[in-house]
Amino acid sequence: MIRGGIPADAIEPYLHARAWLTDAARLLDRTPDALAHELVTTMLRSGAVVLRDGRLHAAADHTPVAAETLRVPHPRAWPGTGAP
């Protein structure tokens, strides 16, 4: 969402690709489909996210970050772990 929102039709496939969704669904005795749908609808209903121009955006006040700031490689390991 920090990159100008996420297309509304891409949010559930995005969630299904996250391992935590599968784990959470199992722990909550739900299917990943049901949990993803409930998560999105609840966030929309509560006002945590808003649908604007076919994209979901975080509703919290924030200061936008320049796009070039986000184009950096992710660290391969957490600092201090000694892993490469």
# chains A, B, ... in the order shown; residues from 1 in each chain; ligands from 1
$ residues_around --residues "range 20-22 of chain A" --least-positions-apart "6" --cutoff "8 Å" --atoms "only C-alpha atoms" --output "PyMOL selection string"
chain A and resi 31-32+35-36
$ write_last_selection --atoms "all heavy atoms" --output "compact mmCIF listing (two decimals), in the first residue's frame"
# COMPACT_ATOMS: atom_id res chain seq x y z
N THR A 31 -10.70 -21.31 6.27
CA THR A 31 -9.95 -21.53 5.03
C THR A 31 -9.18 -20.24 4.73
O THR A 31 -9.61 -19.15 5.14
CB THR A 31 -10.88 -21.85 3.85
OG1 THR A 31 -11.68 -20.70 3.57
CG2 THR A 31 -11.75 -23.06 4.14
N PRO A 32 -8.06 -20.34 4.01
CA PRO A 32 -7.36 -19.12 3.61
C PRO A 32 -8.25 -18.17 2.80
O PRO A 32 -8.19 -16.96 2.97
CB PRO A 32 -6.18 -19.64 2.78
CG PRO A 32 -5.92 -21.00 3.35
CD PRO A 32 -7.29 -21.55 3.68
N LEU A 35 -10.55 -16.35 5.27
CA LEU A 35 -9.82 -15.39 6.10
C LEU A 35 -9.41 -14.17 5.28
O LEU A 35 -9.55 -13.04 5.74
CB LEU A 35 -8.60 -16.04 6.74
CG LEU A 35 -7.80 -15.13 7.67
CD1 LEU A 35 -8.67 -14.58 8.80
CD2 LEU A 35 -6.60 -15.86 8.23
N ALA A 36 -8.93 -14.38 4.06
CA ALA A 36 -8.54 -13.25 3.20
C ALA A 36 -9.74 -12.36 2.92
O ALA A 36 -9.65 -11.13 3.03
CB ALA A 36 -7.94 -13.76 1.89
$ select_by_dssp --residues "chain A" --states "strand (DSSP E or B)" --output "VMD selection string"
chain A and resid 6 to 7 49 to 52 55 to 58
$ write_last_selection --atoms "all heavy atoms" --output "CSV table (one decimal), in the first residue's frame"
chain,number,residue,atom,x,y,z
A,6,ILE,N,-2.9,-0.8,-3.8
A,6,ILE,CA,-2.9,-2.1,-4.5
A,6,ILE,C,-4.2,-2.3,-5.2
A,6,ILE,O,-5.3,-2.0,-4.7
A,6,ILE,CB,-2.6,-3.2,-3.5
A,6,ILE,CG1,-2.4,-4.5,-4.2
A,6,ILE,CG2,-3.6,-3.3,-2.4
A,6,ILE,CD1,-1.8,-5.7,-3.3
A,7,PRO,N,-4.1,-2.8,-6.5
A,7,PRO,CA,-5.4,-3.0,-7.2
A,7,PRO,C,-6.3,-3.9,-6.4
A,7,PRO,O,-5.9,-4.9,-5.8
A,7,PRO,CB,-5.0,-3.7,-8.5
A,7,PRO,CG,-3.5,-3.3,-8.7
A,7,PRO,CD,-3.0,-3.1,-7.3
A,49,VAL,N,-8.8,0.8,5.5
A,49,VAL,CA,-8.4,1.0,4.1
A,49,VAL,C,-9.6,1.6,3.4
A,49,VAL,O,-10.8,1.4,3.8
A,49,VAL,CB,-8.0,-0.3,3.4
A,49,VAL,CG1,-6.8,-0.9,4.1
A,49,VAL,CG2,-9.1,-1.3,3.4
A,50,VAL,N,-9.3,2.3,2.3
A,50,VAL,CA,-10.3,2.9,1.4
A,50,VAL,C,-10.1,2.4,0.0
A,50,VAL,O,-9.0,2.2,-0.4
A,50,VAL,CB,-10.3,4.4,1.5
A,50,VAL,CG1,-10.8,4.9,2.9
A,50,VAL,CG2,-9.0,5.0,1.2
A,51,LEU,N,-11.2,2.3,-0.7
A,51,LEU,CA,-11.2,2.0,-2.1
A,51,LEU,C,-11.3,3.3,-2.9
A,51,LEU,O,-12.2,4.0,-2.8
A,51,LEU,CB,-12.3,1.0,-2.5
A,51,LEU,CG,-12.4,0.5,-3.9
A,51,LEU,CD1,-11.1,-0.3,-4.2
A,51,LEU,CD2,-13.6,-0.3,-4.1
A,52,ARG,N,-10.2,3.6,-3.7
A,52,ARG,CA,-10.2,4.8,-4.5
A,52,ARG,C,-9.6,4.4,-5.9
A,52,ARG,O,-8.5,3.9,-6.0
A,52,ARG,CB,-9.3,5.8,-3.8
A,52,ARG,CG,-9.4,7.2,-4.2
A,52,ARG,CD,-8.7,8.2,-3.3
A,52,ARG,NE,-7.3,7.8,-3.0
A,52,ARG,CZ,-6.8,7.7,-1.7
A,52,ARG,NH1,-7.6,7.9,-0.7
A,52,ARG,NH2,-5.6,7.3,-1.5
A,55,ARG,N,-8.3,0.9,-6.4
A,55,ARG,CA,-7.2,0.5,-5.6
A,55,ARG,C,-7.5,0.7,-4.2
A,55,ARG,O,-8.1,1.6,-3.8
A,55,ARG,CB,-5.9,1.4,-6.0
A,55,ARG,CG,-5.5,1.2,-7.5
A,55,ARG,CD,-4.4,2.1,-7.8
A,55,ARG,NE,-3.1,1.6,-7.3
A,55,ARG,CZ,-2.3,0.7,-7.8
A,55,ARG,NH1,-2.7,0.1,-9.0
A,55,ARG,NH2,-1.2,0.4,-7.3
A,56,LEU,N,-6.9,-0.2,-3.3
A,56,LEU,CA,-7.0,-0.1,-1.9
A,56,LEU,C,-5.9,0.7,-1.4
A,56,LEU,O,-4.7,0.5,-1.8
A,56,LEU,CB,-7.0,-1.5,-1.2
A,56,LEU,CG,-8.2,-2.3,-1.5
A,56,LEU,CD1,-8.0,-3.7,-0.9
A,56,LEU,CD2,-9.5,-1.7,-0.8
A,57,HIS,N,-6.2,1.7,-0.5
A,57,HIS,CA,-5.2,2.5,0.1
A,57,HIS,C,-5.4,2.5,1.6
A,57,HIS,O,-6.5,2.4,2.1
A,57,HIS,CB,-5.4,4.0,-0.4
A,57,HIS,CG,-5.2,4.2,-1.8
A,57,HIS,ND1,-4.0,4.6,-2.4
A,57,HIS,CD2,-6.1,4.1,-2.9
A,57,HIS,CE1,-4.1,4.7,-3.7
A,57,HIS,NE2,-5.4,4.4,-4.0
A,58,ALA,N,-4.3,2.6,2.3
A,58,ALA,CA,-4.3,2.8,3.8
A,58,ALA,C,-5.0,4.1,4.1
A,58,ALA,O,-4.7,5.1,3.4
A,58,ALA,CB,-2.9,2.7,4.4
$ atom_distance --atom1 "CA of Asp33 in chain A" --atom2 "CA of Glu12 in chain A"
7.9 Å
